[in-house]
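Below: the structure, in structure tokens.
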Amino acid sequence: MQIVHSNRRGSRQIEHIGSAHDERELAALKAAAAGRLAAGQLHLDLGITAADGAGPLPITSARMAVLWECLNDVYIELGFGAATNGDSVFRDLVLARIIEPTSKLDSLRVLEEVGVAASSYATVKRRLQTYANAGWRKALAAVCAAHAGLGPTTLVLYDVTTLYFETDKADGFREPGFSKERRLEPQITVGLLTDATGFPLMVEAFEGNKAETLTMMPTLTAFMKAHQLTDVTVVADAGMISAANKKAIEDAGLSFILGDKVPTIPYQISKWHKNNPGSIPPDRLVLTQRSPANAKTSYRRDQVVYFQYSADRARRSLRGINEQVDKAEKAVAGNIPVKRNRFVTLKGADKSVNRQLETKARTLAGWKAYATNIDSPTPQFVIGAYHQLWRIEKSFRMSKSDLAARPIFHHTEDSIRAHLTIVFAALAITRVIEARTEWSIKKFVTTARRYRTITIQAGPQTITAADPLPNDLYQALNAIRGGH
């Protein structure tokens, strides 16, 4: 048995301890060598006197401290803690939904895995009625508006979606209606208002058979009243706009940027084709049509419509038109049965291809209209603002997928509204995290939840241990906490 002493320059000194002839002598030499190595060093007595052969030290607690504390920090930063008077049940339900969206009952299991002492299920059910209250939702919307920094020139995005229920019984709130997923079950209509970045400002639930165009003004009116705003600029898709909606927005004194419908060939597009016969419009060409307000118009502010041509949009539209016209010609020739086809005209037993409609469709292929009544607009600002609608669509996708917004386990109106309130708060937190880290919320949760803080009981001593964080997660956490 030898002890080898060496230094960084490579020189070595060998100290001979002795020679062993069996295992017992070897163990004694090892003990002597260990004592020689530790000579002159102080020992920290932890009071651990475990006997030889004792089992591993017990872990007394384990928490997803990194993930939970980060989510809670954002929850507090947004003002949700103050807005809810420190309601820990609401906080736990919101953060648990971000970590693993599941039923309210199963969220108690999620909290237990996180290492948080959860309330009883009876307490959760009792609190849901409070979370469904309009005043509760108003308080959350107020702190979201404060975080977004709303002002008179704020752009707000509006869109709707439907959430269906696996039941065949309508109850006045859950009602069958128009479904983008073409489902026949009862559903509810959900309207979401966000700022230009997709950060949620307000959520409203409506009866499932309420038309989408009828949801916008009630939501906007409630939003303006709640935050005492005199004017904001609302951005919405063409599917949300009816003539009555447009007039109502105008009557409310609001500014708008809307995707406009083009039922007929506008004068400006017709004029361009007349001046450029046989030509294809250049990509991103913008034509302007102004409509000044006067005593004879139904609107009180000057309006502008921009028509923008997109070569890529035209290519997709023309491919669809060609397919439909080809089917229409085959149907008229009797080669295939007549089905729904806008280019087939039926007059009694006579069938014909509607060439006038085909010409109109080909002329409008690639064009999209954007209408606004803001002062001194530019096409770049108007079209750019409209293209921010993808952000609210992303928020809806996040709420439906990452946060499982569909209220599968809820059957009463109060319970459904409470569920949407929880999803709304969770969506606000996830949008902040994604914006600051440039990670998806799924990636952040999956990465952070692996790093736990544990406490170990070693005799009378309690030891706290934690896994070291990888550099990318460390930077993400710094970005989240340093982003306010």
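Chain labels follow the order of the structure tokens: the first chain is A, the next B, and so on; residue numbering restarts at 1 in every chain, and ligands are counted from 1 in their shown order.
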Identify, on the basis of only C-alpha atoms, every residue whose closest approach to segment 168-171 of chain A does not exceed 7 Å; exclude the query and any residue fewer than 4 positions from it along the same chain; express the result as a compact mmCIF listing (two decimals) with N, CA, C and O atoms, in the first residue's frame.
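Here's the written file selection_39.txt:
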```txt
# COMPACT_ATOMS: atom_id res chain seq x y z
N GLU A 175 -75.55 25.39 -26.66
CA GLU A 175 -76.53 25.23 -27.74
C GLU A 175 -75.84 24.86 -29.04
O GLU A 175 -74.72 25.31 -29.31
N GLU A 185 -72.82 18.80 -31.82
CA GLU A 185 -73.08 18.84 -30.39
C GLU A 185 -73.30 20.27 -29.91
O GLU A 185 -72.89 21.23 -30.57
N PRO A 186 -73.95 20.42 -28.75
CA PRO A 186 -74.06 21.77 -28.14
C PRO A 186 -72.68 22.37 -27.92
O PRO A 186 -71.71 21.65 -27.66
```
Exercise for review: List every residue of segment 205-318 of chain A that DSSP, applied to the backbone, labels as alpha helix (DSSP H), and write the result as an MDAnalysis selection string.
Suggested key: chainID A and resid 216:227 243:251 267:275 311:318
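Within the 12 Å cut-off around segment 311-323 of chain A, using only C-alpha atoms and omitting residues fewer than 3 positions from it on the same chain, the listed residues are Ile280, Pro281, Pro282, Asp283, Arg284, Leu285, Gln308, Asp326, Lys327, Ala328, Glu329, Lys330, Asn341, Arg342, Phe343, Arg355, Leu357, Glu358, Thr359, Lys360, Ala361, Arg362, Thr363, Leu364, Ala365, Gly366, Trp367 and Lys368 of chain A.
Nearest residue to Asp260 of chain A among A:Gly239, A:Pro292, A:Pro56, A:Pro277 is A:Gly239, counting only C-alpha atoms.
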Point to revise | Who sits within 12 Å of segment 99-112 of chain A, only C-alpha atoms, same chain under 6 positions skipped, as an NGL selection string | key: :A and (61-65 or 67-68 or 70-72 or 89-93 or 118-128 or 398-410 or 415-416 or 418-419 or 422-423 or 426-427 or 429-430 or 441-450)
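If you measure from each of A:Val143, A:Ile480, A:Ile269, A:Met217 to Lys247 of chain A using only C-alpha atoms, the closest one turns out to be A:Met217.
When atom CA of Pro470 of chain A is paired with atom CA of Tyr451 of chain A, their separation reads 9.7 Å.
For the pair atom CA of Ile59 of chain A and atom CA of Ala117 of chain A, the interatomic distance is 17.0 Å.
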**Study point:** Neighbour list for Phe381 of chain A as a list in words, cut-off 12 Å, only C-alpha atoms, skip fewer than 4 positions in-chain
**Key:** Leu155, Val235, Ile257, Tyr306, Tyr370, Ala371, Thr372, Ile374, Asp375, Ser376, Pro377, Ala385, Tyr386, His387 and Gln388 of chain A
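Take atom CA of Gln475 of chain A and atom CA of Leu95 of chain A: the distance between them is 21.4 Å.
Nearest residue to Pro218 of chain A among A:Glu113, A:Asp302, A:Asp467, A:Glu204 is A:Glu204, counting only C-alpha atoms.
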